[in-house]
file protein.cif (mmCIF, C-alpha atoms (C1' of nucleotides))
data_my_file
loop_
_atom_site.label_atom_id
_atom_site.label_comp_id
_atom_site.auth_asym_id
_atom_site.auth_seq_id
_atom_site.Cartn_x
_atom_site.Cartn_y
_atom_site.Cartn_z
CA MET A 448 0.00 0.00 0.00
CA ASP A 449 1.54 3.25 -1.06
CA ILE A 450 1.11 5.79 1.64
CA LYS A 451 0.64 8.57 -0.88
CA SER A 452 -2.22 6.89 -2.64
CA LEU A 453 -4.48 6.87 0.34
CA GLY A 454 -5.66 10.45 0.18
CA LEU A 455 -4.55 11.16 3.72
CA THR A 456 -3.74 14.55 5.17
CA LYS A 457 -0.09 15.09 5.90
CA GLN A 458 -0.70 14.67 9.60
CA ARG A 459 -2.35 11.31 9.10
CA GLN A 460 0.40 10.31 6.72
CA ALA A 461 2.99 11.19 9.33
CA VAL A 462 1.22 9.19 12.01
CA LEU A 463 0.85 6.23 9.71
CA MET A 464 4.51 6.41 8.75
CA VAL A 465 5.59 6.43 12.37
CA ILE A 466 3.62 3.28 13.06
CA ARG A 467 4.72 1.55 9.90
CA GLU A 468 8.34 2.21 10.72
CA SER A 469 7.98 1.19 14.34
CA GLU A 470 8.78 -2.12 15.86
CA GLY A 471 5.13 -2.19 16.77
CA HIS A 472 3.20 -1.56 19.96
CA MET A 473 3.73 2.18 20.36
CA THR A 474 1.61 4.21 22.72
CA ALA A 475 -0.16 7.36 21.50
CA ASN A 476 2.41 9.35 23.41
CA GLU A 477 5.31 7.68 21.68
CA VAL A 478 3.65 8.17 18.32
CA PHE A 479 3.24 11.84 19.15
CA GLU A 480 6.92 12.22 20.03
CA GLU A 481 7.99 10.62 16.79
CA ALA A 482 5.44 12.35 14.61
CA ARG A 483 6.45 15.81 15.76
CA ARG A 484 9.99 15.20 14.54
CA GLU A 485 8.57 14.94 11.08
CA LEU A 486 5.83 17.49 11.57
CA PRO A 487 6.85 19.77 14.43
CA GLY A 488 3.51 21.54 14.66
CA ILE A 489 1.36 18.49 15.03
CA SER A 490 -0.85 18.49 18.07
CA PHE A 491 -1.65 15.81 20.54
CA ALA A 492 -5.30 15.91 19.67
CA THR A 493 -4.52 15.34 16.03
CA VAL A 494 -2.43 12.32 16.83
CA TYR A 495 -5.34 10.86 18.75
CA ASN A 496 -7.78 11.76 16.01
CA SER A 497 -5.48 10.30 13.39
CA LEU A 498 -4.99 7.09 15.31
CA ARG A 499 -8.72 6.65 15.63
CA TYR A 500 -9.22 7.44 11.97
CA LEU A 501 -6.49 5.08 10.80
CA LYS A 502 -7.81 2.33 13.02
CA ASN A 503 -11.33 2.73 11.66
CA GLU A 504 -9.96 2.66 8.14
CA GLY A 505 -8.23 -0.58 8.98
CA LEU A 506 -4.79 0.85 8.30
CA ILE A 507 -3.42 0.17 11.75
CA GLY A 508 -4.23 -2.19 14.58
CA GLU A 509 -4.99 -1.30 18.14
CA LEU A 510 -4.41 -3.27 21.27
CA GLY A 511 -4.95 -2.70 24.92
CA PHE A 512 -4.59 -4.73 28.04
CA GLY A 513 -5.33 -3.76 31.58
CA THR A 514 -5.04 -0.11 32.43
CA ASP A 515 -1.96 0.52 30.38
CA ALA A 516 -2.05 2.94 27.52
CA ILE A 517 -3.47 1.64 24.28
CA ARG A 518 -0.85 0.55 21.81
CA TYR A 519 -0.90 0.82 18.06
CA ASP A 520 0.32 -1.81 15.74
CA ARG A 521 1.47 -1.82 12.14
CA LYS A 522 0.53 -5.46 11.95
CA LEU A 523 -2.91 -5.98 10.47
CA THR A 524 -3.11 -9.72 10.26
CA ARG A 525 -4.60 -11.76 13.05
CA HIS A 526 -2.08 -12.64 15.70
CA ASP A 527 -1.70 -13.37 19.36
CA HIS A 528 0.24 -11.83 22.23
CA ALA A 529 2.39 -12.74 25.18
CA ILE A 530 2.60 -10.29 28.08
CA CYS A 531 5.24 -10.43 30.77
CA THR A 532 3.66 -10.25 34.21
CA LYS A 533 6.89 -8.86 35.64
CA CYS A 534 7.96 -6.12 33.21
CA ASP A 535 4.89 -5.75 30.99
CA ARG A 536 6.84 -6.58 27.87
CA LEU A 537 4.48 -7.37 25.03
CA ILE A 538 5.40 -9.54 22.09
CA ASP A 539 3.59 -10.84 19.06
CA LEU A 540 2.84 -14.46 18.59
CA ASP A 541 1.66 -16.28 15.52
CA LEU A 542 -0.44 -19.22 16.49
CA LYS A 543 -2.77 -21.39 14.55
CA ILE A 544 -5.97 -21.28 16.56
CA PRO A 545 -7.88 -24.43 15.66
CA ASP A 546 -11.15 -23.81 13.87
CA ALA A 547 -12.85 -26.09 16.31
CA LEU A 548 -11.84 -23.82 19.16
CA VAL A 549 -13.15 -20.71 17.45
CA LYS A 550 -16.37 -22.51 16.68
CA GLU A 551 -16.68 -23.66 20.27
CA ALA A 552 -16.15 -20.11 21.50
CA ALA A 553 -18.76 -18.74 19.13
CA THR A 554 -21.29 -21.42 20.00
CA ASN A 555 -20.81 -21.17 23.75
CA SER A 556 -21.03 -17.40 23.77
CA GLY A 557 -23.73 -16.99 21.17
CA PHE A 558 -21.62 -14.21 19.69
CA ALA A 559 -21.04 -13.68 16.00
CA ALA A 560 -17.26 -13.95 16.06
CA GLU A 561 -15.22 -11.25 14.37
CA SER A 562 -11.84 -12.18 15.77
CA VAL A 563 -10.15 -14.31 18.34
CA GLU A 564 -6.92 -13.72 20.15
CA LEU A 565 -4.97 -15.80 22.55
CA VAL A 566 -3.17 -14.01 25.37
CA LEU A 567 -0.39 -15.72 27.21
CA ARG A 568 0.76 -14.26 30.50
CA GLY A 569 3.99 -15.28 32.12
CA SER A 570 7.61 -14.35 32.58
CA CYS A 571 9.59 -13.19 29.59
CA PRO A 572 13.03 -14.74 29.15
CA ASP A 573 14.85 -11.79 30.73
CA CYS A 574 12.61 -11.66 33.77
CA ALA A 575 12.59 -15.42 34.19
CA SER A 576 16.39 -15.45 34.23
CA GLY A 577 16.70 -12.45 36.51
CA ILE A 578 18.51 -10.28 33.97
CA ASN A 579 15.75 -7.75 33.86
CA LEU A 580 14.80 -6.13 37.11
CA ASN A 581 12.72 -3.32 35.69
CA LYS A 582 9.04 -2.88 36.03
CA GLY A 583 8.17 -0.82 33.03
CA LYS A 584 6.05 -0.65 30.00
CA MET B 1098 -13.92 -20.60 51.96
CA ASP B 1099 -15.53 -18.95 54.93
CA ILE B 1100 -15.15 -15.23 54.65
CA LYS B 1101 -14.74 -14.90 58.40
CA SER B 1102 -11.85 -17.29 58.59
CA LEU B 1103 -9.58 -15.24 56.39
CA GLY B 1104 -8.46 -12.71 58.96
CA LEU B 1105 -9.60 -9.79 56.84
CA THR B 1106 -10.47 -6.33 58.07
CA LYS B 1107 -14.13 -5.49 57.88
CA GLN B 1108 -13.51 -3.26 54.86
CA ARG B 1109 -11.81 -6.05 52.98
CA GLN B 1110 -14.54 -8.43 54.00
CA ALA B 1111 -17.14 -6.04 52.65
CA VAL B 1112 -15.33 -5.67 49.34
CA LEU B 1113 -14.91 -9.40 49.02
CA MET B 1114 -18.58 -9.97 49.80
CA VAL B 1115 -19.65 -7.50 47.13
CA ILE B 1116 -17.64 -9.31 44.52
CA ARG B 1117 -18.69 -12.75 45.63
CA GLU B 1118 -22.33 -11.75 45.46
CA SER B 1119 -21.96 -10.02 42.11
CA GLU B 1120 -22.71 -11.43 38.73
CA GLY B 1121 -19.06 -10.82 38.06
CA HIS B 1122 -17.15 -8.14 36.17
CA MET B 1123 -17.71 -5.15 38.41
CA THR B 1124 -15.62 -2.02 38.10
CA ALA B 1125 -13.91 -0.52 41.15
CA ASN B 1126 -16.50 2.20 41.08
CA GLU B 1127 -19.37 -0.23 41.17
CA VAL B 1128 -17.74 -2.14 43.98
CA PHE B 1129 -17.38 1.11 45.89
CA GLU B 1130 -21.07 1.96 45.45
CA GLU B 1131 -22.12 -1.44 46.72
CA ALA B 1132 -19.60 -1.64 49.53
CA ARG B 1133 -20.67 1.66 51.04
CA ARG B 1134 -24.21 0.33 51.44
CA GLU B 1135 -22.79 -2.18 53.84
CA LEU B 1136 -20.10 0.07 55.26
CA PRO B 1137 -21.17 3.67 54.72
CA GLY B 1138 -17.87 5.16 55.79
CA ILE B 1139 -15.64 3.19 53.46
CA SER B 1140 -13.45 5.29 51.26
CA PHE B 1141 -12.60 5.03 47.63
CA ALA B 1142 -8.95 4.55 48.39
CA THR B 1143 -9.73 1.64 50.65
CA VAL B 1144 -11.76 -0.04 47.97
CA TYR B 1145 -8.81 0.21 45.62
CA ASN B 1146 -6.39 -0.95 48.28
CA SER B 1147 -8.65 -3.83 49.18
CA LEU B 1148 -9.09 -4.88 45.58
CA ARG B 1149 -5.34 -4.94 45.10
CA TYR B 1150 -4.87 -6.86 48.31
CA LEU B 1151 -7.55 -9.42 47.53
CA LYS B 1152 -6.19 -9.91 44.06
CA ASN B 1153 -2.68 -10.50 45.38
CA GLU B 1154 -4.04 -12.96 47.89
CA GLY B 1155 -5.72 -14.79 45.04
CA LEU B 1156 -9.19 -14.23 46.46
CA ILE B 1157 -10.55 -12.39 43.46
CA GLY B 1158 -9.71 -12.19 39.79
CA GLU B 1159 -8.95 -9.11 37.77
CA LEU B 1160 -9.49 -8.42 34.15
CA GLY B 1161 -8.97 -5.52 31.84
CA PHE B 1162 -9.39 -4.91 28.16
CA GLY B 1163 -8.74 -1.80 26.18
CA THR B 1164 -9.00 1.46 28.03
CA ASP B 1165 -12.04 0.50 30.00
CA ALA B 1166 -11.92 0.36 33.76
CA ILE B 1167 -10.50 -2.78 35.25
CA ARG B 1168 -13.11 -5.30 36.29
CA TYR B 1169 -13.06 -7.65 39.22
CA ASP B 1170 -14.24 -11.17 39.12
CA ARG B 1171 -15.39 -13.64 41.75
CA LYS B 1172 -14.37 -16.43 39.43
CA LEU B 1173 -10.93 -17.76 40.21
CA THR B 1174 -10.67 -20.63 37.82
CA ARG B 1175 -9.14 -20.20 34.40
CA HIS B 1176 -11.66 -19.09 31.84
CA ASP B 1177 -12.03 -17.13 28.65
CA HIS B 1178 -14.03 -14.11 27.58
CA ALA B 1179 -16.18 -12.82 24.78
CA ILE B 1180 -16.48 -9.06 24.30
CA CYS B 1181 -19.13 -7.39 22.20
CA THR B 1182 -17.59 -4.89 19.82
CA LYS B 1183 -20.88 -2.96 19.69
CA CYS B 1184 -21.98 -2.63 23.31
CA ASP B 1185 -18.89 -3.80 25.22
CA ARG B 1186 -20.78 -6.57 26.95
CA LEU B 1187 -18.37 -9.02 28.51
CA ILE B 1188 -19.24 -12.61 29.19
CA ASP B 1189 -17.36 -15.60 30.55
CA LEU B 1190 -16.54 -18.56 28.44
CA ASP B 1191 -15.30 -21.95 29.47
CA LEU B 1192 -13.15 -23.40 26.78
CA LYS B 1193 -10.75 -26.26 26.76
CA ILE B 1194 -7.57 -24.75 25.38
CA PRO B 1195 -5.59 -27.64 23.92
CA ASP B 1196 -2.32 -28.32 25.69
CA ALA B 1197 -0.60 -28.30 22.37
CA LEU B 1198 -1.68 -24.72 21.79
CA VAL B 1199 -0.41 -23.57 25.18
CA LYS B 1200 2.85 -25.33 24.54
CA GLU B 1201 3.15 -23.74 21.12
CA ALA B 1202 2.52 -20.32 22.63
CA ALA B 1203 5.14 -20.86 25.31
CA THR B 1204 7.70 -22.18 22.88
CA ASN B 1205 7.19 -19.46 20.29
CA SER B 1206 7.32 -16.68 22.85
CA GLY B 1207 10.04 -18.10 25.05
CA PHE B 1208 7.88 -17.10 28.01
CA ALA B 1209 7.32 -19.23 31.07
CA ALA B 1210 3.55 -19.46 30.81
CA GLU B 1211 1.47 -18.68 33.87
CA SER B 1212 -1.89 -18.47 32.19
CA VAL B 1213 -3.55 -18.34 28.83
CA GLU B 1214 -6.81 -16.74 27.88
CA LEU B 1215 -8.74 -16.68 24.69
CA VAL B 1216 -10.60 -13.50 23.82
CA LEU B 1217 -13.36 -13.57 21.28
CA ARG B 1218 -14.56 -10.30 19.84
CA GLY B 1219 -17.78 -10.01 17.94
CA SER B 1220 -21.45 -9.11 18.21
CA CYS B 1221 -23.42 -10.32 21.18
CA PRO B 1222 -26.83 -11.83 20.41
CA ASP B 1223 -28.72 -8.63 21.25
CA CYS B 1224 -26.51 -6.43 19.14
CA ALA B 1225 -26.41 -8.87 16.27
CA SER B 1226 -30.21 -8.96 16.18
CA GLY B 1227 -30.61 -5.21 16.56
CA ILE B 1228 -32.43 -5.42 19.89
CA ASN B 1229 -29.73 -3.57 21.73
CA LEU B 1230 -28.87 -0.13 20.45
CA ASN B 1231 -26.82 0.99 23.43
CA LYS B 1232 -23.15 1.61 23.51
CA GLY B 1233 -22.29 1.09 27.11
CA LYS B 1234 -20.07 -0.76 29.44
"C1'" DT C 458 -13.07 33.02 -5.54
"C1'" DT C 459 -16.62 31.88 -2.51
"C1'" DT C 460 -18.39 28.52 0.29
"C1'" DA C 461 -19.17 24.32 2.86
"C1'" DG C 462 -17.39 20.56 5.07
"C1'" DA C 463 -13.58 18.39 7.12
"C1'" DA C 464 -9.34 18.47 9.69
"C1'" DT C 465 -6.35 20.56 12.96
"C1'" DT C 466 -5.18 23.00 17.04
"C1'" DG C 467 -4.57 24.14 22.08
"C1'" DG C 468 -6.41 23.76 26.04
"C1'" DA C 469 -9.82 22.36 29.21
"C1'" DA C 470 -12.35 18.47 30.97
"C1'" DT C 471 -13.02 13.70 32.30
"C1'" DC C 472 -12.24 9.33 34.20
"C1'" DA C 473 -9.74 5.63 36.36
"C1'" DT C 474 -6.22 4.97 39.25
"C1'" DT C 475 -2.40 5.94 42.43
"C1'" DC C 476 -0.09 8.58 45.85
"C1'" DT C 477 0.49 11.16 50.19
"C1'" DA C 478 0.21 12.57 54.70
"C1'" DA C 479 -2.51 12.24 58.67
"C1'" DT C 480 -5.46 9.41 61.57
"C1'" DT C 481 -7.15 5.22 63.44
"C1'" DA C 482 -7.21 0.43 64.56
"C1'" DA C 483 -5.09 -3.81 65.58
"C1'" DA C 484 -1.40 -6.79 67.25
"C1'" DA C 485 2.56 -7.69 70.10
"C1'" DG C 486 5.28 -7.09 74.08
"C1'" DC C 487 5.67 -6.21 78.76
"C1'" DG D 1480 -4.30 -3.59 80.96
"C1'" DC D 1481 -1.15 -0.15 79.08
"C1'" DT D 1482 2.45 0.97 75.62
"C1'" DT D 1483 4.65 0.46 71.44
"C1'" DT D 1484 4.87 -0.79 66.81
"C1'" DT D 1485 2.89 -1.87 62.65
"C1'" DA D 1486 -0.66 -2.09 59.37
"C1'" DA D 1487 -4.94 -0.28 57.50
"C1'" DT D 1488 -7.97 3.44 56.52
"C1'" DT D 1489 -9.12 7.97 55.18
"C1'" DA D 1490 -9.75 12.31 52.31
"C1'" DG D 1491 -8.11 14.61 49.04
"C1'" DA D 1492 -4.51 15.85 45.86
"C1'" DA D 1493 -1.91 14.24 41.91
"C1'" DT D 1494 -1.15 11.68 37.72
"C1'" DG D 1495 -1.79 9.89 33.15
"C1'" DA D 1496 -4.39 8.56 29.26
"C1'" DT D 1497 -7.92 9.96 26.58
"C1'" DT D 1498 -11.74 12.79 24.95
"C1'" DC D 1499 -14.13 16.95 24.24
"C1'" DC D 1500 -14.74 21.68 22.71
"C1'" DA D 1501 -14.61 25.96 20.42
"C1'" DA D 1502 -11.88 28.46 17.31
"C1'" DT D 1503 -9.06 28.39 13.27
"C1'" DT D 1504 -7.22 26.63 9.02
"C1'" DC D 1505 -7.43 23.58 4.94
"C1'" DT D 1506 -9.32 21.55 1.00
"C1'" DA D 1507 -12.20 20.61 -2.63
"C1'" DA D 1508 -15.96 21.74 -5.21
"C1'" DA D 1509 -19.19 24.88 -7.20
#
call {"tool": "encode", "arguments": {"input": "protein.cif", "output": "structure tokens"}}
result
Amino acid sequence: MDIKSLGLTKQRQAVLMVIRESEGHMTANEVFEEARRELPGISFATVYNSLRYLKNEGLIGELGFGTDAIRYDRKLTRHDHAICTKCDRLIDLDLKIPDALVKEAATNSGFAAESVELVLRGSCPDCASGINLNKGK
Amino acid sequence: MDIKSLGLTKQRQAVLMVIRESEGHMTANEVFEEARRELPGISFATVYNSLRYLKNEGLIGELGFGTDAIRYDRKLTRHDHAICTKCDRLIDLDLKIPDALVKEAATNSGFAAESVELVLRGSCPDCASGINLNKGK
DNA sequence: TTTAGAATTGGAATCATTCTAATTAAAAGC
DNA sequence: GCTTTTAATTAGAATGATTCCAATTCTAAA
């Protein structure tokens, strides 16, 4: 997808670029910091508006756990996540969720399923080995 | 588990009772409203402190999605959730997550797994059928 | 070039949650 | 049963993420 061909304002382009160039999982605040390097005048509100717009357009993904700030994701395909209970590190995971499991979830809930995600919580390698002592996001 | 035998303060007892008697998934605010009916003088801070304490003791469960307020759960056993993308309704789901899937998640992430949860997003029956037009928590 | 609608801006407002300092209650020691 | 120490509670202030609002600026079309 060429970023120019999307008919986006330059602010929205900048925000999209930041996320596309990121390692993934940036907070709105981090996006703002990056975006203003490209577009010094951009406002916080516009970053939020742009993120919402881009999410609704399906150009970026959004993910949020607990109370932590929402994170934005360049990855658009279905995937899963592992979250470290010690340091809050968040990584992507590509799992094959069996169809039978999705079907079971839909049947049991009565919901019309749009997506499923598996969340693993545990200790990341660094925290498990004691290398990482930080508690951070 | 007898609530009296836990050596809890009366505030913590009250908070625990509220959650045990709830249908599940109350916010801290809702817990506060209920708890003060039993214990009119209880403060907001104490409700939060108690919730944290009870969670750490493993007496209640905690769950949070997106930006919404954290919810507290009387259910302590592993279970899954379905969330309505239209009205934010949240229901419990009891699925059998295959061991192989948990193992795959742990291996791929390198995390020492503590828990896994499947989250289904979609339309709840009411929203799917158009009965429910609300957007609420 | 005028106009209408959309996007952007800065700042205020909101909401959940946490922190702080002071007070109170409970437990332990004598 | 009193004193000391420790933990819990309280009220309110502080924080942080997010949303809202009113005013301004763009953009695209007529």
call {"tool": "residues_around", "arguments": {"input": "protein.cif", "residues": "range 478-482 of chain C", "least_positions_apart": "3", "cutoff": "12 Å", "atoms": "all atoms listed in the file", "output": "list in words"}}
result
Thr1106 and Lys1107 of chain B; DT1485, DA1486, DA1487, DT1488, DT1489, DA1490, DG1491 and DA1492 of chain D
call {"tool": "residues_around", "arguments": {"input": "protein.cif", "residues": "DT1497 in chain D", "least_positions_apart": "4", "cutoff": "10 Å", "atoms": "only C-alpha atoms (C1' of nucleotides)", "output": "VMD selection string"}}
result
(chain A and resid 475 492 495 516 to 517) or (chain B and resid 1164) or (chain C and resid 471 to 472)
call {"tool": "atom_distance", "arguments": {"input": "protein.cif", "atom1": "CA of Phe479 in chain A", "atom2": "CA of Lys502 in chain A"}}
result
15.8 Å
call {"tool": "interface_residues", "arguments": {"input": "protein.cif", "of": "chain B", "to": "chain A", "cutoff": "12 Å", "atoms": "all atoms listed in the file", "output": "MDAnalysis selection string"}}
result
chainID B and resid 1159:1169 1176:1183 1186:1195 1197:1226
call {"tool": "resolve_selection", "arguments": {"input": "protein.cif", "expression": "the PyMOL selection byres ((chain B and resi 1122) around 7)", "output": "PyMOL selection string"}}
result
chain B and resi 1120-1121+1123-1124+1168-1170
call {"tool": "residues_around", "arguments": {"input": "protein.cif", "residues": "DT1483 in chain D", "least_positions_apart": "6", "cutoff": "10 Å", "atoms": "all atoms listed in the file", "output": "list in words"}}
result
DA485, DG486 and DC487 of chain C
call {"tool": "resolve_selection", "arguments": {"input": "protein.cif", "expression": "the PyMOL selection byres ((chain D) within 12 of (chain A))", "output": "JSON list (two decimals) with C-alpha atoms (C1' of nucleotides), in the frame of the given file"}}
result
[["chain", "number", "residue", "atom", "x", "y", "z"],
["D", 1495, "DG", "C1'", -1.79, 9.89, 33.15],
["D", 1496, "DA", "C1'", -4.39, 8.56, 29.26],
["D", 1497, "DT", "C1'", -7.92, 9.96, 26.58],
["D", 1498, "DT", "C1'", -11.74, 12.79, 24.95],
["D", 1499, "DC", "C1'", -14.13, 16.95, 24.24],
["D", 1500, "DC", "C1'", -14.74, 21.68, 22.71],
["D", 1505, "DC", "C1'", -7.43, 23.58, 4.94],
["D", 1506, "DT", "C1'", -9.32, 21.55, 1.00]]
call {"tool": "residues_around", "arguments": {"input": "protein.cif", "residues": "Glu1135 in chain B", "least_positions_apart": "3", "cutoff": "8 Å", "atoms": "all atoms listed in the file", "output": "JSON, numbers by chain"}}
result
{"B": [1111, 1131, 1132]}
call {"tool": "interface_residues", "arguments": {"input": "protein.cif", "of": "chain C", "to": "chain A", "cutoff": "10 Å", "atoms": "all atoms listed in the file", "output": "number ranges by chain"}}
result
C: 464-467, 473-474
call {"tool": "write_last_selection", "arguments": {"input": "protein.cif", "atoms": "C-alpha atoms (C1' of nucleotides)", "output": "PDB file, in the coordinates of the input"}}
result
ATOM      1  C1'  DA C 464      -9.340  18.470   9.690  1.00  0.00           C
ATOM      2  C1'  DT C 465      -6.350  20.560  12.960  1.00  0.00           C
ATOM      3  C1'  DT C 466      -5.180  23.000  17.040  1.00  0.00           C
ATOM      4  C1'  DG C 467      -4.570  24.140  22.080  1.00  0.00           C
ATOM      5  C1'  DA C 473      -9.740   5.630  36.360  1.00  0.00           C
ATOM      6  C1'  DT C 474      -6.220   4.970  39.250  1.00  0.00           C
TER       7       DT C 474
END
call {"tool": "atom_distance", "arguments": {"input": "protein.cif", "atom1": "C1' of DA463 in chain C", "atom2": "CA of Arg459 in chain A"}}
result
13.4 Å
call {"tool": "axis_aligned_box", "arguments": {"input": "protein.cif", "around": "range 1170-1184 of chain B", "padding_each_side": "6 Å", "output": "AutoDock Vina command-line options"}}
result
--center_x -15.6 --center_y -11.6 --center_z 30.7 --size_x 24.8 --size_y 30.0 --size_z 34.1
call {"tool": "atom_distance", "arguments": {"input": "protein.cif", "atom1": "CA of Ile466 in chain A", "atom2": "CA of Ile507 in chain A"}}
result
7.8 Å
call {"tool": "decode", "arguments": {"input": "protein.cif", "residues": "range 1181-1204 of chain B", "atoms": "N, CA and C atoms", "output": "mmCIF file, in the first residue's frame"}}
result
data_model
loop_
_atom_site.group_PDB
_atom_site.id
_atom_site.type_symbol
_atom_site.label_atom_id
_atom_site.label_comp_id
_atom_site.auth_asym_id
_atom_site.auth_seq_id
_atom_site.Cartn_x
_atom_site.Cartn_y
_atom_site.Cartn_z
ATOM 1 N N CYS B 1181 -18.344 -7.897 23.323
ATOM 2 C CA CYS B 1181 -19.132 -7.387 22.201
ATOM 3 C C CYS B 1181 -18.503 -6.099 21.692
ATOM 4 N N THR B 1182 -18.233 -6.066 20.414
ATOM 5 C CA THR B 1182 -17.594 -4.886 19.825
ATOM 6 C C THR B 1182 -18.585 -3.735 19.661
ATOM 7 N N LYS B 1183 -19.864 -4.023 19.827
ATOM 8 C CA LYS B 1183 -20.877 -2.963 19.690
ATOM 9 C C LYS B 1183 -21.213 -2.338 21.048
ATOM 10 N N CYS B 1184 -21.496 -3.179 22.033
ATOM 11 C CA CYS B 1184 -21.976 -2.632 23.312
ATOM 12 C C CYS B 1184 -21.025 -2.911 24.471
ATOM 13 N N ASP B 1185 -19.903 -3.524 24.193
ATOM 14 C CA ASP B 1185 -18.891 -3.801 25.218
ATOM 15 C C ASP B 1185 -19.308 -4.838 26.253
ATOM 16 N N ARG B 1186 -20.397 -5.510 26.019
ATOM 17 C CA ARG B 1186 -20.780 -6.574 26.951
ATOM 18 C C ARG B 1186 -19.654 -7.599 27.051
ATOM 19 N N LEU B 1187 -19.470 -8.090 28.240
ATOM 20 C CA LEU B 1187 -18.372 -9.020 28.506
ATOM 21 C C LEU B 1187 -18.949 -10.263 29.159
ATOM 22 N N ILE B 1188 -18.743 -11.398 28.554
ATOM 23 C CA ILE B 1188 -19.241 -12.615 29.192
ATOM 24 C C ILE B 1188 -18.117 -13.646 29.341
ATOM 25 N N ASP B 1189 -18.321 -14.526 30.308
ATOM 26 C CA ASP B 1189 -17.361 -15.595 30.551
ATOM 27 C C ASP B 1189 -17.581 -16.725 29.575
ATOM 28 N N LEU B 1190 -16.518 -17.453 29.375
ATOM 29 C CA LEU B 1190 -16.541 -18.559 28.438
ATOM 30 C C LEU B 1190 -15.658 -19.648 29.023
ATOM 31 N N ASP B 1191 -16.152 -20.853 28.990
ATOM 32 C CA ASP B 1191 -15.302 -21.947 29.471
ATOM 33 C C ASP B 1191 -14.887 -22.803 28.302
ATOM 34 N N LEU B 1192 -13.653 -22.645 27.922
ATOM 35 C CA LEU B 1192 -13.152 -23.400 26.776
ATOM 36 C C LEU B 1192 -12.039 -24.328 27.235
ATOM 37 N N LYS B 1193 -11.890 -25.392 26.511
ATOM 38 C CA LYS B 1193 -10.755 -26.264 26.758
ATOM 39 C C LYS B 1193 -9.654 -25.855 25.785
ATOM 40 N N ILE B 1194 -8.677 -25.136 26.255
ATOM 41 C CA ILE B 1194 -7.569 -24.754 25.380
ATOM 42 C C ILE B 1194 -6.651 -25.963 25.276
ATOM 43 N N PRO B 1195 -6.428 -26.446 24.078
ATOM 44 C CA PRO B 1195 -5.594 -27.635 23.924
ATOM 45 C C PRO B 1195 -4.186 -27.414 24.487
ATOM 46 N N ASP B 1196 -3.678 -28.413 25.163
ATOM 47 C CA ASP B 1196 -2.318 -28.318 25.695
ATOM 48 C C ASP B 1196 -1.307 -27.966 24.614
ATOM 49 N N ALA B 1197 -1.540 -28.534 23.461
ATOM 50 C CA ALA B 1197 -0.595 -28.301 22.368
ATOM 51 C C ALA B 1197 -0.522 -26.818 22.023
ATOM 52 N N LEU B 1198 -1.649 -26.143 22.129
ATOM 53 C CA LEU B 1198 -1.683 -24.720 21.793
ATOM 54 C C LEU B 1198 -0.933 -23.907 22.851
ATOM 55 N N VAL B 1199 -1.125 -24.255 24.100
ATOM 56 C CA VAL B 1199 -0.415 -23.569 25.182
ATOM 57 C C VAL B 1199 1.086 -23.787 25.023
ATOM 58 N N LYS B 1200 1.427 -25.010 24.708
ATOM 59 C CA LYS B 1200 2.845 -25.335 24.540
ATOM 60 C C LYS B 1200 3.434 -24.552 23.373
ATOM 61 N N GLU B 1201 2.690 -24.492 22.296
ATOM 62 C CA GLU B 1201 3.146 -23.745 21.121
ATOM 63 C C GLU B 1201 3.358 -22.272 21.476
ATOM 64 N N ALA B 1202 2.414 -21.721 22.228
ATOM 65 C CA ALA B 1202 2.520 -20.317 22.629
ATOM 66 C C ALA B 1202 3.759 -20.090 23.493
ATOM 67 N N ALA B 1203 3.992 -20.994 24.419
ATOM 68 C CA ALA B 1203 5.141 -20.856 25.314
ATOM 69 C C ALA B 1203 6.445 -20.992 24.532
ATOM 70 N N THR B 1204 6.491 -21.960 23.661
ATOM 71 C CA THR B 1204 7.698 -22.184 22.876
ATOM 72 C C THR B 1204 7.998 -20.998 21.964
#
